[in-house]
Structure formats: C-alpha cells, structure tokens
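Here is the file my_file22.tsv (TSV, C-alpha atoms).
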chain	number	residue	atom	x	y	z
F	1	MET	CA	108.57	101.26	4.67
F	2	SER	CA	106.15	103.43	2.74
F	3	ASN	CA	103.48	100.75	2.89
F	4	ALA	CA	103.97	100.35	6.61
F	5	ASN	CA	103.75	104.08	7.13
F	6	SER	CA	100.58	104.27	5.11
F	7	VAL	CA	98.99	101.43	7.08
F	8	SER	CA	99.96	102.96	10.38
F	9	SER	CA	98.65	106.31	9.34
F	10	SER	CA	95.33	104.82	8.31
F	11	ILE	CA	94.75	103.42	11.83
F	12	PRO	CA	92.97	106.04	13.87
F	13	ALA	CA	94.86	107.18	16.88
F	14	ALA	CA	93.62	105.56	20.10
F	15	ARG	CA	91.89	108.01	22.31
F	16	GLU	CA	93.24	108.25	25.83
F	17	ALA	CA	90.74	107.12	28.42
F	18	PRO	CA	89.72	109.98	30.69
F	19	GLN	CA	91.26	109.60	34.15
F	20	GLU	CA	88.80	109.35	37.02
F	21	PRO	CA	89.37	111.62	39.94
F	22	ALA	CA	90.98	109.98	42.96
F	23	ALA	CA	88.52	108.66	45.48
F	24	VAL	CA	88.29	110.74	48.61
F	25	LEU	CA	88.55	108.56	51.70
F	26	PRO	CA	86.21	109.33	54.57
F	27	PRO	CA	87.82	110.74	57.70
F	28	ALA	CA	89.04	108.13	60.13
F	29	ARG	CA	86.73	107.37	63.01
F	30	ILE	CA	88.19	106.91	66.44
F	31	HIS	CA	86.26	104.19	68.19
F	32	ALA	CA	86.11	104.33	71.95
F	33	ARG	CA	87.48	101.40	73.84
F	34	PRO	CA	84.71	99.17	75.24
F	35	GLY	CA	84.06	100.12	78.83
F	36	SER	CA	85.98	103.39	78.64
F	37	GLY	CA	84.68	106.64	80.05
F	38	SER	CA	83.77	107.81	83.50
F	39	SER	CA	81.31	105.78	85.54
F	40	THR	CA	81.05	108.22	88.46
F	41	GLY	CA	77.52	109.30	87.59
F	42	ILE	CA	76.30	105.71	87.23
F	43	ALA	CA	77.92	104.76	90.53
F	44	THR	CA	76.30	107.70	92.30
F	45	VAL	CA	72.86	106.82	90.95
F	46	THR	CA	73.37	103.19	91.97
F	47	VAL	CA	74.27	104.12	95.54
F	48	ILE	CA	71.31	106.47	95.85
F	49	ALA	CA	68.97	103.81	94.45
F	50	LEU	CA	70.24	101.22	96.94
F	51	LEU	CA	69.80	103.64	99.84
F	52	LEU	CA	66.26	104.46	98.73
F	53	LEU	CA	65.47	100.76	98.38
F	54	TRP	CA	66.87	100.11	101.85
F	55	TRP	CA	64.85	102.96	103.34
F	56	GLY	CA	61.67	101.97	101.51
F	57	ALA	CA	61.89	98.27	102.42
F	58	THR	CA	62.46	98.98	106.11
F	59	SER	CA	59.88	101.79	106.31
F	60	ALA	CA	57.21	99.60	104.71
F	61	GLY	CA	57.93	96.83	107.18
F	62	TRP	CA	58.94	94.30	104.52
F	63	ILE	CA	62.01	93.34	106.60
F	64	ALA	CA	62.03	93.16	110.38
F	65	PRO	CA	64.49	95.56	112.14
F	66	LEU	CA	66.21	92.55	113.71
F	67	PHE	CA	67.35	91.42	110.27
F	68	LEU	CA	67.85	94.82	108.63
F	69	PRO	CA	67.45	98.02	110.65
F	70	PRO	CA	66.45	101.25	108.87
F	71	PRO	CA	69.13	103.78	107.91
F	72	THR	CA	68.03	106.10	110.72
F	73	ALA	CA	68.72	103.37	113.30
F	74	VAL	CA	72.17	102.73	111.82
F	75	TRP	CA	72.93	106.45	111.93
F	76	GLN	CA	71.81	106.59	115.55
F	77	ALA	CA	74.04	103.61	116.35
F	78	ALA	CA	76.97	105.42	114.71
F	79	ARG	CA	76.35	108.46	116.91
F	80	GLN	CA	76.21	106.29	120.00
F	81	ALA	CA	79.41	104.50	119.00
F	82	TRP	CA	81.14	107.81	118.32
F	83	GLU	CA	80.34	108.93	121.86
F	84	GLY	CA	81.40	105.56	123.31
F	85	ASN	CA	77.92	104.53	124.40
F	86	VAL	CA	78.06	101.12	122.72
F	87	GLN	CA	79.24	97.98	124.50
F	88	GLY	CA	82.88	98.25	125.49
F	89	GLY	CA	82.72	101.95	126.26
F	90	LEU	CA	85.41	102.88	123.72
F	91	PRO	CA	84.72	105.71	121.24
F	92	LEU	CA	84.31	104.78	117.61
F	93	LEU	CA	87.43	106.69	116.58
F	94	GLN	CA	89.56	104.43	118.75
F	95	HIS	CA	88.05	101.32	117.17
F	96	ILE	CA	88.81	102.75	113.72
F	97	ALA	CA	92.39	103.62	114.71
F	98	TRP	CA	93.13	100.08	115.95
F	99	SER	CA	91.69	98.52	112.81
F	100	LEU	CA	93.66	100.87	110.56
F	101	PHE	CA	96.86	100.06	112.45
F	102	ARG	CA	96.34	96.31	112.10
F	103	VAL	CA	95.28	96.26	108.47
F	104	PHE	CA	97.70	98.81	107.05
F	105	GLY	CA	100.56	97.72	109.28
F	106	ALA	CA	100.27	94.15	108.04
F	107	PHE	CA	99.66	95.38	104.49
F	108	LEU	CA	102.86	97.44	104.43
F	109	LEU	CA	104.88	94.54	105.82
F	110	ALA	CA	103.41	92.26	103.16
F	111	ALA	CA	104.14	94.77	100.39
F	112	ILE	CA	107.82	95.27	101.25
F	113	THR	CA	108.40	91.51	101.44
F	114	ALA	CA	106.08	90.05	98.80
F	115	VAL	CA	107.13	92.36	95.94
F	116	PRO	CA	110.84	91.39	96.16
F	117	LEU	CA	109.88	87.72	96.44
F	118	GLY	CA	107.63	87.99	93.39
F	119	LEU	CA	110.40	89.64	91.40
F	120	LEU	CA	112.80	86.93	92.50
F	121	MET	CA	110.35	84.18	91.58
F	122	GLY	CA	109.86	85.70	88.16
F	123	THR	CA	113.58	86.01	87.41
F	124	SER	CA	115.04	82.93	89.12
F	125	ARG	CA	113.94	79.34	88.61
F	126	ILE	CA	115.62	78.35	91.88
F	127	ALA	CA	113.61	80.89	93.88
F	128	ARG	CA	110.47	79.90	91.99
F	129	GLY	CA	111.04	76.24	92.72
F	130	ILE	CA	111.50	76.93	96.43
F	131	ALA	CA	108.76	79.49	97.06
F	132	ASP	CA	106.06	78.46	94.61
F	133	PRO	CA	104.98	75.19	96.35
F	134	LEU	CA	104.77	76.89	99.75
F	135	LEU	CA	102.93	79.90	98.37
F	136	GLU	CA	100.42	77.90	96.37
F	137	PHE	CA	99.83	75.55	99.30
F	138	TYR	CA	98.78	78.14	101.82
F	139	ARG	CA	97.20	80.67	99.42
F	140	PRO	CA	93.82	78.88	99.06
F	141	LEU	CA	93.54	78.23	102.80
F	142	PRO	CA	91.00	80.41	104.63
F	143	PRO	CA	92.53	82.41	107.50
F	144	LEU	CA	90.27	80.72	110.04
F	145	ALA	CA	91.91	77.39	109.13
F	146	TYR	CA	95.35	78.38	110.45
F	147	LEU	CA	94.18	80.89	113.05
F	148	PRO	CA	94.35	78.32	115.91
F	149	LEU	CA	97.91	77.41	114.92
F	150	ILE	CA	98.94	81.07	114.94
F	151	VAL	CA	97.43	81.52	118.40
F	152	ILE	CA	99.35	78.46	119.67
F	153	TRP	CA	102.61	79.72	118.20
F	154	PHE	CA	102.37	83.48	118.87
F	155	GLY	CA	99.80	83.79	121.66
F	156	ILE	CA	96.99	86.34	121.71
F	157	ASP	CA	98.99	89.55	121.44
F	158	GLU	CA	99.03	91.95	118.51
F	159	ALA	CA	101.66	89.83	116.76
F	160	ALA	CA	99.11	87.09	116.06
F	161	LYS	CA	96.60	89.57	114.61
F	162	LEU	CA	99.21	91.24	112.40
F	163	LEU	CA	100.55	87.88	111.22
F	164	LEU	CA	97.10	86.65	110.23
F	165	ILE	CA	96.39	89.76	108.14
F	166	TYR	CA	99.95	89.70	106.79
F	167	LEU	CA	99.52	86.17	105.44
F	168	ALA	CA	96.23	87.13	103.83
F	169	CYS	CA	97.87	90.08	102.04
F	170	PHE	CA	101.16	88.39	101.16
F	171	ALA	CA	100.01	85.81	98.62
F	172	PRO	CA	98.07	88.14	96.23
F	173	ILE	CA	100.98	90.59	96.06
F	174	ALA	CA	103.59	87.89	95.40
F	175	VAL	CA	101.47	86.14	92.76
F	176	SER	CA	100.61	89.39	90.95
F	177	THR	CA	104.24	90.50	90.97
F	178	ARG	CA	105.38	87.20	89.53
F	179	ALA	CA	102.68	87.41	86.83
F	180	GLY	CA	103.83	90.93	85.97
F	181	VAL	CA	107.41	89.76	85.53
F	182	ALA	CA	106.28	86.88	83.33
F	183	ALA	CA	104.36	89.33	81.11
F	184	VAL	CA	107.45	91.37	80.24
F	185	GLN	CA	108.05	91.11	76.49
F	186	ASP	CA	111.20	89.37	75.28
F	187	GLU	CA	111.91	92.22	72.86
F	188	GLN	CA	112.28	94.62	75.78
F	189	LEU	CA	114.72	92.31	77.55
F	190	HIS	CA	116.75	91.64	74.40
F	191	ALA	CA	116.95	95.35	73.56
F	192	ALA	CA	118.29	96.19	77.01
F	193	GLN	CA	120.74	93.29	76.96
F	194	SER	CA	122.04	94.27	73.54
F	195	MET	CA	122.85	97.68	74.97
F	196	GLY	CA	124.94	96.08	77.70
F	197	ALA	CA	122.50	96.27	80.60
F	198	THR	CA	123.54	94.39	83.70
F	199	ARG	CA	121.18	92.08	85.58
F	200	TRP	CA	120.42	94.78	88.13
F	201	GLN	CA	119.83	97.40	85.43
F	202	LEU	CA	117.57	94.96	83.61
F	203	LEU	CA	115.54	94.47	86.77
F	204	ARG	CA	115.49	98.15	87.70
F	205	HIS	CA	114.80	99.77	84.34
F	206	VAL	CA	112.91	97.11	82.36
F	207	ILE	CA	111.30	94.39	84.47
F	208	LEU	CA	110.06	96.47	87.40
F	209	PRO	CA	108.42	99.24	85.32
F	210	ALA	CA	106.78	96.67	83.03
F	211	ALA	CA	105.47	94.67	86.00
F	212	LEU	CA	104.30	97.75	87.92
F	213	PRO	CA	100.65	97.66	86.71
F	214	ASP	CA	100.28	94.06	87.89
F	215	ILE	CA	101.97	94.89	91.18
F	216	LEU	CA	99.51	97.73	91.81
F	217	THR	CA	96.62	95.44	90.98
F	218	GLY	CA	97.97	92.91	93.48
F	219	LEU	CA	98.18	95.63	96.13
F	220	ARG	CA	94.53	96.54	95.56
F	221	ILE	CA	93.48	92.92	95.86
F	222	ALA	CA	95.64	92.40	98.95
F	223	ILE	CA	94.13	95.27	100.91
F	224	GLY	CA	90.71	93.78	100.24
F	225	PHE	CA	91.86	90.47	101.69
F	226	GLY	CA	93.29	92.38	104.64
F	227	TRP	CA	89.94	93.93	105.52
F	228	THR	CA	88.25	90.57	104.97
F	229	THR	CA	90.60	88.96	107.49
F	230	LEU	CA	90.23	91.78	110.02
F	231	VAL	CA	87.18	90.28	111.73
F	232	ALA	CA	88.94	86.92	112.05
F	233	ALA	CA	92.08	88.60	113.39
F	234	GLU	CA	90.16	90.57	116.00
F	235	MET	CA	88.55	87.40	117.27
F	236	VAL	CA	91.86	86.80	119.06
F	237	ALA	CA	91.28	88.52	122.42
F	238	ALA	CA	90.85	91.98	120.92
F	239	THR	CA	89.38	94.74	123.04
F	240	ALA	CA	89.16	97.36	120.27
F	241	GLY	CA	88.67	97.43	116.53
F	242	LEU	CA	85.81	97.49	114.06
F	243	GLY	CA	85.85	93.71	113.74
F	244	GLN	CA	85.66	93.31	117.49
F	245	LEU	CA	82.85	95.87	117.62
F	246	VAL	CA	80.86	93.91	115.04
F	247	LEU	CA	81.45	90.60	116.82
F	248	ASN	CA	80.34	91.93	120.18
F	249	ALA	CA	77.28	93.58	118.66
F	250	SER	CA	76.26	90.31	117.01
F	251	ASN	CA	76.37	88.58	120.38
F	252	PHE	CA	73.84	91.10	121.72
F	253	LEU	CA	71.73	91.07	118.52
F	254	ARG	CA	72.58	94.74	117.89
F	255	THR	CA	72.02	94.53	114.16
F	256	ASP	CA	72.22	98.31	113.85
F	257	VAL	CA	75.76	98.31	115.23
F	258	VAL	CA	76.69	95.36	113.00
F	259	VAL	CA	75.47	97.15	109.88
F	260	MET	CA	77.21	100.34	110.98
F	261	GLY	CA	80.51	98.48	111.38
F	262	ILE	CA	80.12	96.77	108.00
F	263	VAL	CA	79.40	100.10	106.29
F	264	LEU	CA	82.46	101.71	107.91
F	265	ILE	CA	84.77	98.87	106.90
F	266	GLY	CA	83.44	99.00	103.34
F	267	LEU	CA	83.79	102.79	103.09
F	268	ILE	CA	87.37	102.81	104.38
F	269	ALA	CA	88.36	100.01	102.01
F	270	TYR	CA	86.63	101.74	99.08
F	271	VAL	CA	88.36	105.06	99.74
F	272	PHE	CA	91.74	103.33	99.80
F	273	ASP	CA	90.92	101.50	96.59
F	274	LEU	CA	90.05	104.80	94.90
F	275	ALA	CA	93.38	106.19	96.06
F	276	MET	CA	95.18	103.17	94.62
F	277	ARG	CA	93.38	103.66	91.29
F	278	ARG	CA	94.49	107.28	91.12
F	279	LEU	CA	98.03	106.26	92.01
F	280	ALA	CA	98.00	103.64	89.26
F	281	ASP	CA	96.78	106.20	86.72
F	282	VAL	CA	99.64	108.53	87.67
F	283	ILE	CA	102.42	105.94	87.83
F	284	THR	CA	101.32	103.80	84.87
F	285	PRO	CA	99.43	106.12	82.49
F	286	TRP	CA	100.11	103.80	79.54
F	287	ARG	CA	97.68	101.26	80.95
F	288	GLY	CA	94.80	103.71	80.74
F	289	LYS	CA	92.22	104.55	83.36
F	290	ARG	CA	90.34	101.78	85.13
Would you kindly transcribe this structure into structure tokens?
Amino acid sequence: MSNANSVSSSIPAAREAPQEPAAVLPPARIHARPGSGSSTGIATVTVIALLLLWWGATSAGWIAPLFLPPPTAVWQAARQAWEGNVQGGLPLLQHIAWSLFRVFGAFLLAAITAVPLGLLMGTSRIARGIADPLLEFYRPLPPLAYLPLIVIWFGIDEAAKLLLIYLACFAPIAVSTRAGVAAVQDEQLHAAQSMGATRWQLLRHVILPAALPDILTGLRIAIGFGWTTLVAAEMVAATAGLGQLVLNASNFLRTDVVVMGIVLIGLIAYVFDLAMRRLADVITPWRGKR
C-alpha cells in the first residue's frame, strides 16, 4: 500500500481543462413567406401604366379608332349610355341592374345548391358515384354548346338566361367544395370521433370549417365564370343588360361602346372579387392573406 501511495503521489495531478464559454446563438431570423406583403402599390402603378400606354398609342395614331378608341371616346360613350343616348334608348344604370340580377341571382342559386352537393360528394361514395360523372361531363362544355338546348327546353324568357349562368357557376363551386372536404386531415376527423362526435357534428364542426377556404375560392372562380357567360346568356332575346349592350354595339361597329361595356363588366367583377378576398381573410384568417 505504501508503494502504491508513493507512486500515486509522484504522478502530477492532471490539470483541469479550462471550460470554454457557451456559444451565443444569433437571434432567429423570421423569413417572409414568398409572395407575401401588399401588392396594392404595384397594382396601382400597373393600371396607370396601362392607361398611359392606351392613351399614348391612340393619340399617336398607332391604332385606328375602329379597333381601339381613345380613353376620351370611351368616356364620352359612357356618358351617352348613362343618359340613354346609345342604341336601345335604355339608361346605363338599367343595363347594369339587369346584368347584376342575372349574374348574382344565378350565382346565389348555384352557391346554395352546389356547396351541399360538394359536401355530400366528399363524404358519401354513393353521392360521389352518382354526381361525379354528370358533373365532370358537362363541366368542360362551353355554355354556347348547350345554349340552343336550353332555349328549346325553357324558351327565351329569363329562366333560360339564369339557367345558363347557373350551370356555369355550379360546377366550380361543387368541385372546389369536394376538394376542400378531401383535404381535411384524418387526425382532425379521428380526434372528433374519439370524443363522440356524431356524423352531423363532424360535418358541422370539423369538415365544413376545414373546407371553407376551398369553398370561398370556388365562389370566386364561379362568379368569374358567371360574368363570362353573361354575354352568351343575353344573346337569348335580351333587351337590356351589359352583354346585350356590347352585342348591339358590335353590330353597329361602336367600338367605344364595346370597350366601355367590357371595362364596366371587368370593374364590377373585380370589385366583387376584392370583397370575396376580404371576406376570406375575415372568415379564414389561418390561411393568410391572398
């Protein structure tokens, strides 16, 4: 023991290595999502640039007024139409009112019928098997393809116009609703079922809120199809409406009135789309701003 103690005492004690200070991590950086941020300023500059290009091209005589009238001529045509001095004799406000009634009337009918059908298709294989072939068959068809059949079946009254726009709006809403239901995560469904949720509670509190962003997107797409189909719908013996105004003006080569009608249709559709975006941001804030 004494020898061991003497040997151990002769070994110099190991020096403890000095501890390095803990590394200080840099503060976390929050990276913005690609495409996030407001684009209002860019959109405003784009619109102003297009208007200046339009004015410059027509003022310099690069494009004949028959093909593209200057903005002043379009504004003058709008004033004439507002006073009812364009062909037909009806004031512009009446044309706008008829078009709004047809588009939004058909759009509301499509929304209250297509959303339940989309939910049913997404939650029932029987409903999906029945409705999916019919929906996918007529969805790619252009409205002008079945317009003659609608006229034969329903005549030339307002019912034919509303039905044509209704069919154009119905398919996008139903397809988007079904896609929203299919995107619901299984974990959400299993969690609700484990808590004893009934089928109706599952649909009301889990499936519908999760599918709501896709439903709102389908509504935005559908209203665009509705305005696209408006001109075709007002070809059916219409005496008022923006589509009818544009068609009559094209027959008389009133390009200024045609451009004025196109601008009005685009502005009304754009304002509604902005309203739908704001509604989507309020109802579904978890999806972020678009």
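Around stretch 233-241 of chain F, within 7 Å and counting all atoms listed in the file, the residues found are His95, Ile96, Trp98, Ser99, Ile156, Lys161, Leu164, Ile165, Thr229, Leu230, Gln244 and Leu245 of chain F, once anything fewer than 3 positions away on its own chain is removed.
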Find the spatial neighbours of stretch 260-270 of chain F, counting all atoms listed in the file, within a cut-off of 8 Å - ignore same-chain residues fewer than 5 positions away - and output them as a short mmCIF file (atom, residue, chain, number, x, y, z; two decimals) with C-alpha atoms, in the coordinates of the input.
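Saved result, selection_29.cif, follows:
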data_model
loop_
_atom_site.label_atom_id
_atom_site.label_comp_id
_atom_site.auth_asym_id
_atom_site.auth_seq_id
_atom_site.Cartn_x
_atom_site.Cartn_y
_atom_site.Cartn_z
CA VAL F 74 72.17 102.73 111.82
CA TRP F 75 72.93 106.45 111.93
CA ALA F 77 74.04 103.61 116.35
CA ALA F 78 76.97 105.42 114.71
CA ILE F 223 94.13 95.27 100.91
CA GLY F 224 90.71 93.78 100.24
CA TRP F 227 89.94 93.93 105.52
CA LEU F 242 85.81 97.49 114.06
CA GLY F 243 85.85 93.71 113.74
CA LEU F 245 82.85 95.87 117.62
CA VAL F 246 80.86 93.91 115.04
#
Each stretch 202-224 of chain F residue no farther than 8 Å from stretch 169-191 of chain F, nearest pair in Å, all atoms listed in the file, as a Markdown table:
| residue | atom | partner | partner_atom | distance |
| --- | --- | --- | --- | --- |
| F:Leu202 | CA | F:Leu189 | CA | 7.2 |
| F:Val206 | CA | F:Leu189 | CA | 7.0 |
| F:Ile207 | CA | F:Val181 | CA | 6.1 |
| F:Leu208 | CA | F:Val181 | CA | 7.5 |
| F:Ala210 | CA | F:Val184 | CA | 6.0 |
| F:Ala211 | CA | F:Gly180 | CA | 4.1 |
| F:Leu212 | CA | F:Gly180 | CA | 7.1 |
| F:Pro213 | CA | F:Gly180 | CA | 7.5 |
| F:Asp214 | CA | F:Gly180 | CA | 5.1 |
| F:Ile215 | CA | F:Thr177 | CA | 4.9 |
| F:Thr217 | CA | F:Ser176 | CA | 7.2 |
| F:Gly218 | CA | F:Ile173 | CA | 4.6 |
| F:Leu219 | CA | F:Ile173 | CA | 5.8 |
| F:Ile221 | CA | F:Pro172 | CA | 6.6 |
| F:Ala222 | CA | F:Cys169 | CA | 4.5 |
| F:Ile223 | CA | F:Cys169 | CA | 6.5 |
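Of note, atom CA of F:Pro116 and atom CA of F:Pro148 are spaced 28.9 Å apart.
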With 3 Å on each side, where is the centre of the axis-aligned box around all listed atoms of stretch 272-286 of chain F, and how long are its edges in Å to one decimal, as JSON?
{"center_x": 96.2, "center_y": 105.0, "center_z": 89.7, "size_x": 18.4, "size_y": 13.0, "size_z": 26.3}
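Note that atom CA of F:Asn251 and atom CA of F:Gly61 are 24.1 Å apart.
Atom pair atom CA of F:Ala49 / atom CA of F:Leu274: separated by 21.1 Å.
Remark: for F:Leu162, the closest of the candidate residues F:Leu141, F:Val259, F:Leu108, F:Ala280 is F:Leu108 (distances computed over all atoms listed in the file).
For the set F:Leu247, F:Ala111, F:Arg254, F:Pro142, the residue with the smallest atom-to-atom gap to F:Thr228 is F:Pro142, counting only C-alpha atoms.
Between F:Pro65 and the residues F:Thr255, F:Arg199, F:Leu100, F:Met276, the shortest atom-to-atom distance, using only C-alpha atoms, involves F:Thr255.
Closest to F:Leu68 among F:Asp281, F:Ala131, F:Val257, F:Ile42 is F:Val257, based on all atoms listed in the file.
Minimum atom-to-atom distance to F:Pro70, evaluated using all atoms listed in the file, belongs to F:Asp256 out of F:Pro140, F:Leu203, F:Val271, F:Asp256.
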Tell me which of F:Gly84, F:Leu167, F:Leu92, F:Arg204 sits closest to F:Ala110, counting all atoms listed in the file.
F:Leu167
Once N, CA and C atoms are restored for stretch 234-252 of chain F, what would the output be as a compact mmCIF listing (two decimals), keeping the file's coordinate frame?
# COMPACT_ATOMS: atom_id res chain seq x y z
N GLU F 234 90.59 89.96 114.75
CA GLU F 234 90.16 90.57 116.00
C GLU F 234 89.31 89.64 116.85
N MET F 235 89.13 88.41 116.39
CA MET F 235 88.55 87.40 117.27
C MET F 235 89.52 86.95 118.34
N VAL F 236 90.81 87.25 118.14
CA VAL F 236 91.86 86.80 119.06
C VAL F 236 92.01 87.82 120.17
N ALA F 237 91.16 87.74 121.18
CA ALA F 237 91.28 88.52 122.42
C ALA F 237 91.47 90.01 122.15
N ALA F 238 90.76 90.55 121.19
CA ALA F 238 90.85 91.98 120.92
C ALA F 238 89.85 92.73 121.78
N THR F 239 90.27 93.89 122.24
CA THR F 239 89.38 94.74 123.04
C THR F 239 88.96 95.99 122.27
N ALA F 240 89.51 96.19 121.09
CA ALA F 240 89.16 97.36 120.27
C ALA F 240 89.34 96.98 118.81
N GLY F 241 88.61 97.69 117.96
CA GLY F 241 88.67 97.43 116.53
C GLY F 241 87.28 97.27 115.96
N LEU F 242 87.12 97.60 114.69
CA LEU F 242 85.81 97.49 114.06
C LEU F 242 85.34 96.05 114.00
N GLY F 243 86.24 95.12 113.74
CA GLY F 243 85.85 93.71 113.74
C GLY F 243 85.36 93.25 115.10
N GLN F 244 86.07 93.66 116.14
CA GLN F 244 85.66 93.31 117.49
C GLN F 244 84.33 93.95 117.85
N LEU F 245 84.12 95.19 117.38
CA LEU F 245 82.85 95.87 117.62
C LEU F 245 81.70 95.13 116.97
N VAL F 246 81.90 94.66 115.75
CA VAL F 246 80.86 93.91 115.04
C VAL F 246 80.58 92.58 115.73
N LEU F 247 81.64 91.89 116.16
CA LEU F 247 81.45 90.60 116.82
C LEU F 247 80.69 90.75 118.12
N ASN F 248 81.06 91.72 118.92
CA ASN F 248 80.34 91.93 120.18
C ASN F 248 78.89 92.33 119.94
N ALA F 249 78.65 93.17 118.95
CA ALA F 249 77.28 93.58 118.66
C ALA F 249 76.44 92.41 118.19
N SER F 250 77.03 91.48 117.45
CA SER F 250 76.26 90.31 117.01
C SER F 250 75.88 89.42 118.18
N ASN F 251 76.71 89.38 119.20
CA ASN F 251 76.37 88.58 120.38
C ASN F 251 75.16 89.14 121.12
N PHE F 252 74.97 90.45 121.05
CA PHE F 252 73.84 91.10 121.72
C PHE F 252 72.70 91.41 120.76
